[in-house]
>>> print(open('coords06.pdb').read())   # PDB, C-alpha atoms
ATOM      1  CA  MET U   1      93.410 161.708  38.325  1.00  0.00           C
ATOM      2  CA  SER U   2      91.180 161.394  41.381  1.00  0.00           C
ATOM      3  CA  LYS U   3      91.104 158.018  43.057  1.00  0.00           C
ATOM      4  CA  ASN U   4      87.313 158.305  43.061  1.00  0.00           C
ATOM      5  CA  ASN U   5      87.143 158.653  39.274  1.00  0.00           C
ATOM      6  CA  VAL U   6      85.427 155.681  37.618  1.00  0.00           C
ATOM      7  CA  PHE U   7      87.584 156.062  34.510  1.00  0.00           C
ATOM      8  CA  SER U   8      91.231 155.207  33.917  1.00  0.00           C
ATOM      9  CA  THR U   9      93.574 155.437  30.960  1.00  0.00           C
ATOM     10  CA  GLU U  10      95.903 152.641  32.062  1.00  0.00           C
ATOM     11  CA  ARG U  11      95.358 148.924  32.458  1.00  0.00           C
ATOM     12  CA  GLU U  12      96.141 147.505  35.870  1.00  0.00           C
ATOM     13  CA  LEU U  13      95.387 143.892  34.935  1.00  0.00           C
ATOM     14  CA  GLN U  14      98.375 141.609  34.736  1.00  0.00           C
ATOM     15  CA  VAL U  15      98.316 138.943  32.041  1.00  0.00           C
ATOM     16  CA  PRO U  16     100.311 135.789  32.874  1.00  0.00           C
ATOM     17  CA  PRO U  17     102.940 134.476  30.437  1.00  0.00           C
ATOM     18  CA  ILE U  18     101.309 132.095  27.993  1.00  0.00           C
ATOM     19  CA  ILE U  19     102.888 128.797  26.976  1.00  0.00           C
ATOM     20  CA  LEU U  20     101.492 127.363  23.761  1.00  0.00           C
ATOM     21  CA  PRO U  21     101.879 123.943  22.148  1.00  0.00           C
ATOM     22  CA  ASP U  22     104.038 124.046  19.041  1.00  0.00           C
ATOM     23  CA  PHE U  23     101.122 123.567  16.627  1.00  0.00           C
ATOM     24  CA  LEU U  24      99.403 126.765  17.864  1.00  0.00           C
ATOM     25  CA  GLU U  25     101.625 129.184  16.020  1.00  0.00           C
ATOM     26  CA  PRO U  26     100.924 132.808  16.978  1.00  0.00           C
ATOM     27  CA  ASN U  27     100.257 135.441  14.315  1.00  0.00           C
ATOM     28  CA  SER U  28      99.335 132.902  11.652  1.00  0.00           C
ATOM     29  CA  ARG U  29      96.202 131.643   9.893  1.00  0.00           C
ATOM     30  CA  LEU U  30      95.614 128.314  11.624  1.00  0.00           C
ATOM     31  CA  LYS U  31      93.278 125.847   9.938  1.00  0.00           C
ATOM     32  CA  MET U  32      91.473 123.916  12.663  1.00  0.00           C
ATOM     33  CA  ASP U  33      88.254 123.531  14.600  1.00  0.00           C
ATOM     34  CA  GLY U  34      87.596 126.342  17.063  1.00  0.00           C
ATOM     35  CA  LEU U  35      86.590 124.040  19.920  1.00  0.00           C
ATOM     36  CA  LYS U  36      89.799 122.031  19.595  1.00  0.00           C
ATOM     37  CA  PHE U  37      91.748 125.290  19.431  1.00  0.00           C
ATOM     38  CA  LEU U  38      90.228 126.569  22.687  1.00  0.00           C
ATOM     39  CA  TYR U  39      90.824 123.205  24.391  1.00  0.00           C
ATOM     40  CA  HIS U  40      94.581 123.556  23.842  1.00  0.00           C
ATOM     41  CA  LEU U  41      94.839 127.085  25.260  1.00  0.00           C
ATOM     42  CA  PRO U  42      95.761 127.437  28.943  1.00  0.00           C
ATOM     43  CA  ASN U  43      92.927 128.451  31.243  1.00  0.00           C
ATOM     44  CA  GLU U  44      92.816 132.103  32.337  1.00  0.00           C
ATOM     45  CA  SER U  45      95.594 133.106  29.966  1.00  0.00           C
ATOM     46  CA  VAL U  46      94.248 135.782  27.562  1.00  0.00           C
ATOM     47  CA  PRO U  47      92.602 139.182  28.125  1.00  0.00           C
ATOM     48  CA  VAL U  48      90.320 139.374  25.102  1.00  0.00           C
ATOM     49  CA  ALA U  49      88.493 137.238  22.551  1.00  0.00           C
ATOM     50  CA  PHE U  50      86.363 137.933  19.493  1.00  0.00           C
ATOM     51  CA  LEU U  51      83.621 135.649  18.187  1.00  0.00           C
ATOM     52  CA  ASP U  52      81.573 136.051  15.025  1.00  0.00           C
ATOM     53  CA  PRO U  53      79.361 132.944  14.867  1.00  0.00           C
ATOM     54  CA  GLN U  54      78.611 131.692  11.370  1.00  0.00           C
ATOM     55  CA  TYR U  55      74.906 131.544  12.105  1.00  0.00           C
ATOM     56  CA  ARG U  56      72.394 133.106   9.729  1.00  0.00           C
ATOM     57  CA  GLY U  57      69.766 133.892  12.338  1.00  0.00           C
ATOM     58  CA  VAL U  58      67.879 136.464  10.292  1.00  0.00           C
ATOM     59  CA  LEU U  59      68.180 134.613   6.991  1.00  0.00           C
ATOM     60  CA  ASP U  60      67.145 131.245   8.415  1.00  0.00           C
ATOM     61  CA  LYS U  61      64.195 132.540  10.413  1.00  0.00           C
ATOM     62  CA  MET U  62      62.872 135.067   7.911  1.00  0.00           C
ATOM     63  CA  ASN U  63      63.408 132.925   4.802  1.00  0.00           C
ATOM     64  CA  TYR U  64      64.070 135.780   2.389  1.00  0.00           C
ATOM     65  CA  GLY U  65      64.287 133.362  -0.516  1.00  0.00           C
ATOM     66  CA  ASN U  66      67.669 134.394  -1.878  1.00  0.00           C
ATOM     67  CA  GLU U  67      69.772 131.696  -0.199  1.00  0.00           C
ATOM     68  CA  GLY U  68      72.580 130.695  -2.542  1.00  0.00           C
ATOM     69  CA  LYS U  69      71.821 133.508  -4.960  1.00  0.00           C
ATOM     70  CA  SER U  70      73.652 136.711  -5.922  1.00  0.00           C
ATOM     71  CA  ARG U  71      75.255 138.448  -2.940  1.00  0.00           C
ATOM     72  CA  GLU U  72      74.158 135.684  -0.510  1.00  0.00           C
ATOM     73  CA  LYS U  73      75.922 132.911  -2.450  1.00  0.00           C
ATOM     74  CA  ARG U  74      79.231 133.142  -0.563  1.00  0.00           C
ATOM     75  CA  ARG U  75      77.497 133.555   2.764  1.00  0.00           C
ATOM     76  CA  ASN U  76      75.296 130.526   2.193  1.00  0.00           C
ATOM     77  CA  SER U  77      78.310 128.346   1.343  1.00  0.00           C
ATOM     78  CA  LEU U  78      79.904 128.819   4.786  1.00  0.00           C
ATOM     79  CA  MET U  79      79.617 126.005   7.312  1.00  0.00           C
ATOM     80  CA  GLN U  80      77.013 127.074   9.846  1.00  0.00           C
ATOM     81  CA  MET U  81      77.029 126.741  13.646  1.00  0.00           C
ATOM     82  CA  ASN U  82      74.006 125.681  15.651  1.00  0.00           C
ATOM     83  CA  GLU U  83      73.297 127.243  19.020  1.00  0.00           C
ATOM     84  CA  GLU U  84      74.823 124.300  20.885  1.00  0.00           C
ATOM     85  CA  ILE U  85      78.168 124.842  19.140  1.00  0.00           C
ATOM     86  CA  ILE U  86      78.006 128.586  19.785  1.00  0.00           C
ATOM     87  CA  GLY U  87      77.413 127.901  23.479  1.00  0.00           C
ATOM     88  CA  GLN U  88      80.357 125.502  23.592  1.00  0.00           C
ATOM     89  CA  LEU U  89      82.632 128.068  21.948  1.00  0.00           C
ATOM     90  CA  ILE U  90      81.591 130.727  24.453  1.00  0.00           C
ATOM     91  CA  GLN U  91      82.150 128.295  27.332  1.00  0.00           C
ATOM     92  CA  GLY U  92      85.646 127.617  25.976  1.00  0.00           C
ATOM     93  CA  ILE U  93      86.323 131.336  25.687  1.00  0.00           C
ATOM     94  CA  ASN U  94      85.123 131.825  29.261  1.00  0.00           C
ATOM     95  CA  ASN U  95      87.667 129.241  30.413  1.00  0.00           C
ATOM     96  CA  VAL U  96      90.667 130.881  28.716  1.00  0.00           C
ATOM     97  CA  LEU U  97      89.842 134.505  29.578  1.00  0.00           C
ATOM     98  CA  ILE U  98      91.543 136.040  32.587  1.00  0.00           C
ATOM     99  CA  SER U  99      89.404 137.565  35.328  1.00  0.00           C
ATOM    100  CA  SER U 100      87.742 140.767  34.046  1.00  0.00           C
ATOM    101  CA  GLY U 101      88.688 139.773  30.472  1.00  0.00           C
ATOM    102  CA  HIS U 102      86.421 140.667  27.549  1.00  0.00           C
ATOM    103  CA  LEU U 103      84.563 138.867  24.786  1.00  0.00           C
ATOM    104  CA  PHE U 104      83.383 140.894  21.771  1.00  0.00           C
ATOM    105  CA  LEU U 105      80.477 138.912  20.342  1.00  0.00           C
ATOM    106  CA  TRP U 106      78.924 139.752  16.966  1.00  0.00           C
ATOM    107  CA  ILE U 107      75.203 139.069  16.657  1.00  0.00           C
ATOM    108  CA  ASP U 108      72.445 139.909  14.198  1.00  0.00           C
ATOM    109  CA  LYS U 109      69.236 141.868  14.759  1.00  0.00           C
ATOM    110  CA  PHE U 110      67.142 138.730  15.155  1.00  0.00           C
ATOM    111  CA  HIS U 111      69.131 137.475  18.139  1.00  0.00           C
ATOM    112  CA  LEU U 112      69.417 140.943  19.616  1.00  0.00           C
ATOM    113  CA  CYS U 113      65.610 141.084  19.771  1.00  0.00           C
ATOM    114  CA  GLN U 114      64.848 137.441  20.568  1.00  0.00           C
ATOM    115  CA  GLY U 115      67.574 136.996  23.161  1.00  0.00           C
ATOM    116  CA  PHE U 116      70.892 135.166  23.295  1.00  0.00           C
ATOM    117  CA  LYS U 117      71.539 134.838  27.036  1.00  0.00           C
ATOM    118  CA  ASN U 118      71.335 131.055  26.801  1.00  0.00           C
ATOM    119  CA  TRP U 119      74.552 131.193  24.767  1.00  0.00           C
ATOM    120  CA  PHE U 120      76.556 132.102  27.877  1.00  0.00           C
ATOM    121  CA  ASP U 121      74.512 130.467  30.646  1.00  0.00           C
ATOM    122  CA  GLY U 122      76.796 128.720  33.106  1.00  0.00           C
ATOM    123  CA  THR U 123      79.742 131.032  32.398  1.00  0.00           C
ATOM    124  CA  GLN U 124      81.160 133.968  34.325  1.00  0.00           C
ATOM    125  CA  LEU U 125      80.398 136.312  31.429  1.00  0.00           C
ATOM    126  CA  GLU U 126      78.032 139.275  31.708  1.00  0.00           C
ATOM    127  CA  VAL U 127      76.850 141.792  29.124  1.00  0.00           C
ATOM    128  CA  VAL U 128      78.375 145.198  29.887  1.00  0.00           C
ATOM    129  CA  ASP U 129      77.877 147.195  26.653  1.00  0.00           C
ATOM    130  CA  LEU U 130      76.667 147.173  23.057  1.00  0.00           C
ATOM    131  CA  ILE U 131      78.146 148.763  19.926  1.00  0.00           C
ATOM    132  CA  VAL U 132      76.151 149.319  16.746  1.00  0.00           C
ATOM    133  CA  TRP U 133      78.161 149.115  13.538  1.00  0.00           C
ATOM    134  CA  ASP U 134      76.717 151.311  10.802  1.00  0.00           C
ATOM    135  CA  LYS U 135      78.079 149.650   7.659  1.00  0.00           C
ATOM    136  CA  GLY U 136      77.077 152.455   5.308  1.00  0.00           C
ATOM    137  CA  ARG U 137      75.351 149.922   3.041  1.00  0.00           C
ATOM    138  CA  ILE U 138      71.698 148.993   2.947  1.00  0.00           C
ATOM    139  CA  GLY U 139      70.798 145.333   3.318  1.00  0.00           C
ATOM    140  CA  MET U 140      67.696 143.179   3.362  1.00  0.00           C
ATOM    141  CA  GLY U 141      64.494 143.429   5.357  1.00  0.00           C
ATOM    142  CA  TYR U 142      60.771 142.860   4.965  1.00  0.00           C
ATOM    143  CA  ARG U 143      60.042 146.198   6.645  1.00  0.00           C
ATOM    144  CA  THR U 144      63.089 148.244   7.646  1.00  0.00           C
ATOM    145  CA  ARG U 145      66.278 147.578   5.683  1.00  0.00           C
ATOM    146  CA  ARG U 146      69.346 146.547   7.636  1.00  0.00           C
ATOM    147  CA  VAL U 147      72.356 148.852   7.659  1.00  0.00           C
ATOM    148  CA  SER U 148      73.804 147.751  11.001  1.00  0.00           C
ATOM    149  CA  GLU U 149      75.339 144.851  12.879  1.00  0.00           C
ATOM    150  CA  TYR U 150      75.811 144.558  16.613  1.00  0.00           C
ATOM    151  CA  CYS U 151      78.811 143.860  18.805  1.00  0.00           C
ATOM    152  CA  VAL U 152      77.893 142.780  22.327  1.00  0.00           C
ATOM    153  CA  VAL U 153      80.577 143.459  24.918  1.00  0.00           C
ATOM    154  CA  LEU U 154      80.783 140.765  27.593  1.00  0.00           C
ATOM    155  CA  GLN U 155      83.118 140.764  30.558  1.00  0.00           C
ATOM    156  CA  LYS U 156      84.212 137.896  32.759  1.00  0.00           C
ATOM    157  CA  GLN U 157      83.644 138.452  36.460  1.00  0.00           C
ATOM    158  CA  PRO U 158      84.543 140.511  38.371  1.00  0.00           C
ATOM    159  CA  LYS U 159      82.856 143.162  36.255  1.00  0.00           C
ATOM    160  CA  ARG U 160      84.709 146.480  36.292  1.00  0.00           C
ATOM    161  CA  ALA U 161      85.917 149.217  33.960  1.00  0.00           C
ATOM    162  CA  LYS U 162      88.478 151.193  35.952  1.00  0.00           C
ATOM    163  CA  GLY U 163      91.953 149.824  35.409  1.00  0.00           C
ATOM    164  CA  VAL U 164      90.637 147.485  32.720  1.00  0.00           C
ATOM    165  CA  TRP U 165      89.141 149.601  29.905  1.00  0.00           C
ATOM    166  CA  LYS U 166      91.482 152.448  29.055  1.00  0.00           C
ATOM    167  CA  ILE U 167      90.036 154.202  25.961  1.00  0.00           C
ATOM    168  CA  HIS U 168      86.906 156.251  26.576  1.00  0.00           C
ATOM    169  CA  ASN U 169      86.100 157.968  23.289  1.00  0.00           C
ATOM    170  CA  ILE U 170      84.780 154.964  21.345  1.00  0.00           C
ATOM    171  CA  PRO U 171      81.206 155.814  20.256  1.00  0.00           C
ATOM    172  CA  ASP U 172      78.469 153.230  20.705  1.00  0.00           C
ATOM    173  CA  VAL U 173      77.431 153.803  17.084  1.00  0.00           C
ATOM    174  CA  TRP U 174      80.452 153.188  14.861  1.00  0.00           C
ATOM    175  CA  HIS U 175      80.495 154.347  11.234  1.00  0.00           C
ATOM    176  CA  GLU U 176      82.795 152.318   8.991  1.00  0.00           C
ATOM    177  CA  GLN U 177      82.192 151.247   5.405  1.00  0.00           C
ATOM    178  CA  LYS U 178      81.711 147.510   5.023  1.00  0.00           C
ATOM    179  CA  GLU U 179      84.359 145.831   2.906  1.00  0.00           C
ATOM    180  CA  THR U 180      83.227 142.818   0.883  1.00  0.00           C
ATOM    181  CA  LYS U 181      86.375 141.735  -0.944  1.00  0.00           C
ATOM    182  CA  ASP U 182      87.780 139.078   1.367  1.00  0.00           C
ATOM    183  CA  HIS U 183      84.907 137.454   3.271  1.00  0.00           C
ATOM    184  CA  PRO U 184      81.106 137.715   3.418  1.00  0.00           C
ATOM    185  CA  HIS U 185      81.203 138.157   7.206  1.00  0.00           C
ATOM    186  CA  GLN U 186      84.139 140.566   7.361  1.00  0.00           C
ATOM    187  CA  LYS U 187      83.934 142.936  10.313  1.00  0.00           C
ATOM    188  CA  PRO U 188      85.162 146.558  10.691  1.00  0.00           C
ATOM    189  CA  LEU U 189      88.930 146.625  10.998  1.00  0.00           C
ATOM    190  CA  ASN U 190      89.231 150.019  12.674  1.00  0.00           C
ATOM    191  CA  LEU U 191      86.577 149.283  15.299  1.00  0.00           C
ATOM    192  CA  GLN U 192      88.216 145.999  16.187  1.00  0.00           C
ATOM    193  CA  ALA U 193      91.583 147.744  16.483  1.00  0.00           C
ATOM    194  CA  GLU U 194      90.124 150.338  18.870  1.00  0.00           C
ATOM    195  CA  LEU U 195      88.491 147.687  21.021  1.00  0.00           C
ATOM    196  CA  ILE U 196      91.742 145.747  21.202  1.00  0.00           C
ATOM    197  CA  ALA U 197      93.609 148.872  22.263  1.00  0.00           C
ATOM    198  CA  ALA U 198      90.984 149.573  24.928  1.00  0.00           C
ATOM    199  CA  VAL U 199      91.375 146.270  26.784  1.00  0.00           C
ATOM    200  CA  THR U 200      94.968 145.152  26.168  1.00  0.00           C
ATOM    201  CA  ASN U 201      98.536 146.385  26.392  1.00  0.00           C
ATOM    202  CA  GLU U 202     101.208 146.019  23.725  1.00  0.00           C
ATOM    203  CA  GLY U 203     102.400 142.439  23.436  1.00  0.00           C
ATOM    204  CA  ASP U 204      99.200 140.933  24.874  1.00  0.00           C
ATOM    205  CA  TYR U 205      97.412 138.145  23.038  1.00  0.00           C
ATOM    206  CA  VAL U 206      94.071 138.417  21.251  1.00  0.00           C
ATOM    207  CA  ILE U 207      92.181 135.255  20.292  1.00  0.00           C
ATOM    208  CA  ASP U 208      89.539 134.410  17.699  1.00  0.00           C
ATOM    209  CA  PRO U 209      88.390 130.763  17.361  1.00  0.00           C
ATOM    210  CA  ALA U 210      86.277 131.426  14.245  1.00  0.00           C
ATOM    211  CA  ALA U 211      88.486 133.933  12.494  1.00  0.00           C
ATOM    212  CA  GLY U 212      86.951 134.003   8.987  1.00  0.00           C
ATOM    213  CA  SER U 213      88.920 136.630   7.069  1.00  0.00           C
ATOM    214  CA  PHE U 214      91.369 136.992  10.014  1.00  0.00           C
ATOM    215  CA  SER U 215      90.560 140.698  10.269  1.00  0.00           C
ATOM    216  CA  VAL U 216      91.051 140.419  14.042  1.00  0.00           C
ATOM    217  CA  MET U 217      94.653 139.354  13.398  1.00  0.00           C
ATOM    218  CA  THR U 218      95.182 142.408  11.184  1.00  0.00           C
ATOM    219  CA  ALA U 219      93.599 144.653  13.824  1.00  0.00           C
ATOM    220  CA  ALA U 220      95.789 143.139  16.542  1.00  0.00           C
ATOM    221  CA  HIS U 221      98.940 143.769  14.520  1.00  0.00           C
ATOM    222  CA  LEU U 222      97.916 147.394  13.957  1.00  0.00           C
ATOM    223  CA  GLN U 223      98.029 147.789  17.748  1.00  0.00           C
ATOM    224  CA  ASN U 224     101.247 145.787  18.256  1.00  0.00           C
ATOM    225  CA  ARG U 225      99.404 142.900  19.869  1.00  0.00           C
ATOM    226  CA  ASN U 226      99.870 139.195  19.266  1.00  0.00           C
ATOM    227  CA  PHE U 227      97.139 137.054  17.763  1.00  0.00           C
ATOM    228  CA  ILE U 228      96.167 133.415  18.116  1.00  0.00           C
ATOM    229  CA  GLY U 229      93.235 132.194  16.096  1.00  0.00           C
ATOM    230  CA  CYS U 230      91.893 129.689  13.641  1.00  0.00           C
ATOM    231  CA  ASP U 231      89.181 128.952  11.134  1.00  0.00           C
ATOM    232  CA  LEU U 232      87.898 125.756   9.537  1.00  0.00           C
ATOM    233  CA  GLU U 233      88.797 127.231   6.153  1.00  0.00           C
ATOM    234  CA  GLY U 234      92.220 128.432   7.283  1.00  0.00           C
TER     235      GLY U 234
END
>>> encode(input="coords06.pdb", output="structure tokens")
Amino acid sequence: MSKNNVFSTERELQVPPIILPDFLEPNSRLKMDGLKFLYHLPNESVPVAFLDPQYRGVLDKMNYGNEGKSREKRRNSLMQMNEEIIGQLIQGINNVLISSGHLFLWIDKFHLCQGFKNWFDGTQLEVVDLIVWDKGRIGMGYRTRRVSEYCVVLQKQPKRAKGVWKIHNIPDVWHEQKETKDHPHQKPLNLQAELIAAVTNEGDYVIDPAAGSFSVMTAAHLQNRNFIGCDLEG
């Protein structure tokens, strides 16, 4: 491969050995607060994080009127995060990511349109890409009906792809049927597995401080990666 090529299929980043306190057991479903979890992780120790904030931006702003009813009942029962908590979680993630590490942040259509930059103000994180998840199921909407969710790709400075992102056939519109059995916010397992493979090597750690159904843990194990994560519900 030419030295001038902007692409690479190998990761050059070195991840330092990580030393964890005994109560942060890897590859398990930890029940704890995400901010406390991030506080106990060493700074600049992990290459990738996922965050799916439990924040009903569209539902709260649009007031569809079906809160706590039918298919929204489970979703409505989840403890919600305000924007201050989301910002604190992202600041904590920024602290524990290595240089050029990645955060995969799930957002809804409302925040995609209205803006979410204030969530990561004061961090070293920058938006570098966006993936649309076509769930194959039609949702709500006053005008158009939602069939998609959005995964924003953020990278900690210095921003670069060569030697960091090693899989180059991931489409920016991802088709994967939404599963609803385990959790109302469950995210696409295969997409998460591909993203993990793109920015880590075998044995690296993946973190998720608001793990929900722990699908990120399953995706990490599919790629022979380690997982550290928690959820208030465990």
>>> residues_around(input="coords06.pdb", residues="region 12-18 of chain U", least_positions_apart="6", cutoff="8 Å", atoms="only C-alpha atoms", output="list in words")
Pro42, Ser45, Val46, Pro47, Ile98, Gly163, Val164 and Asp204 of chain U
>>> resolve_selection(input="coords06.pdb", expression="the PyMOL selection byres ((chain U and resi 224) around 12)", output="list of chain:residue names")
U:Asn27, U:Ala193, U:Ile196, U:Ala197, U:Thr200, U:Asn201, U:Glu202, U:Gly203, U:Asp204, U:Tyr205, U:Val206, U:Met217, U:Thr218, U:Ala219, U:Ala220, U:His221, U:Leu222, U:Gln223, U:Arg225, U:Asn226, U:Phe227
>>> closest_residue(input="coords06.pdb", among="U:Arg11, U:Arg137, U:His40, U:Lys117", to="Trp165 (chain U)", atoms="only C-alpha atoms")
U:Arg11
>>> residues_around(input="coords06.pdb", residues="Asn94 (chain U)", least_positions_apart="5", cutoff="8 Å", atoms="only C-alpha atoms", output="PyMOL selection string")
chain U and resi 123-125+156
>>> atom_distance(input="coords06.pdb", atom1="CA of Tyr39 (chain U)", atom2="CA of Gln88 (chain U)")
10.7 Å
>>> residues_near_point(input="coords06.pdb", point="(82.8, 144.0, 30.3)", cutoff="9 Å", atoms="all atoms listed in the file", output="tab-separated table (two decimals) with C-alpha atoms, in the frame of the given file")
chain	number	residue	atom	x	y	z
U	100	SER	CA	87.74	140.77	34.05
U	101	GLY	CA	88.69	139.77	30.47
U	102	HIS	CA	86.42	140.67	27.55
U	103	LEU	CA	84.56	138.87	24.79
U	125	LEU	CA	80.40	136.31	31.43
U	126	GLU	CA	78.03	139.28	31.71
U	127	VAL	CA	76.85	141.79	29.12
U	128	VAL	CA	78.38	145.20	29.89
U	129	ASP	CA	77.88	147.20	26.65
U	153	VAL	CA	80.58	143.46	24.92
U	154	LEU	CA	80.78	140.76	27.59
U	155	GLN	CA	83.12	140.76	30.56
U	156	LYS	CA	84.21	137.90	32.76
U	157	GLN	CA	83.64	138.45	36.46
U	158	PRO	CA	84.54	140.51	38.37
U	159	LYS	CA	82.86	143.16	36.26
U	160	ARG	CA	84.71	146.48	36.29
U	161	ALA	CA	85.92	149.22	33.96
U	164	VAL	CA	90.64	147.49	32.72
U	165	TRP	CA	89.14	149.60	29.90
>>> atom_distance(input="coords06.pdb", atom1="CA of Tyr150 (chain U)", atom2="CA of Leu112 (chain U)")
7.9 Å
>>> atom_distance(input="coords06.pdb", atom1="CA of Phe214 (chain U)", atom2="CA of Gln192 (chain U)")
11.4 Å
>>> residues_around(input="coords06.pdb", residues="Arg29 (chain U)", least_positions_apart="5", cutoff="12 Å", atoms="all atoms listed in the file", output="PyMOL selection string")
chain U and resi 23-24+207-218+227-234
>>> closest_residue(input="coords06.pdb", among="U:Asn43, U:Glu83, U:Val199, U:Lys178", to="Gly139 (chain U)", atoms="all atoms listed in the file")
U:Lys178
>>> axis_aligned_box(input="coords06.pdb", around="region 20-38 of chain U", padding_each_side="5 Å", output="JSON")
{"center_x": 95.3, "center_y": 128.7, "center_z": 16.8, "size_x": 27.4, "size_y": 23.4, "size_z": 23.9}
>>> closest_residue(input="coords06.pdb", among="U:Asn169, U:Gln91, U:Ser148, U:Asn118", to="Thr9 (chain U)", atoms="all atoms listed in the file")
U:Asn169
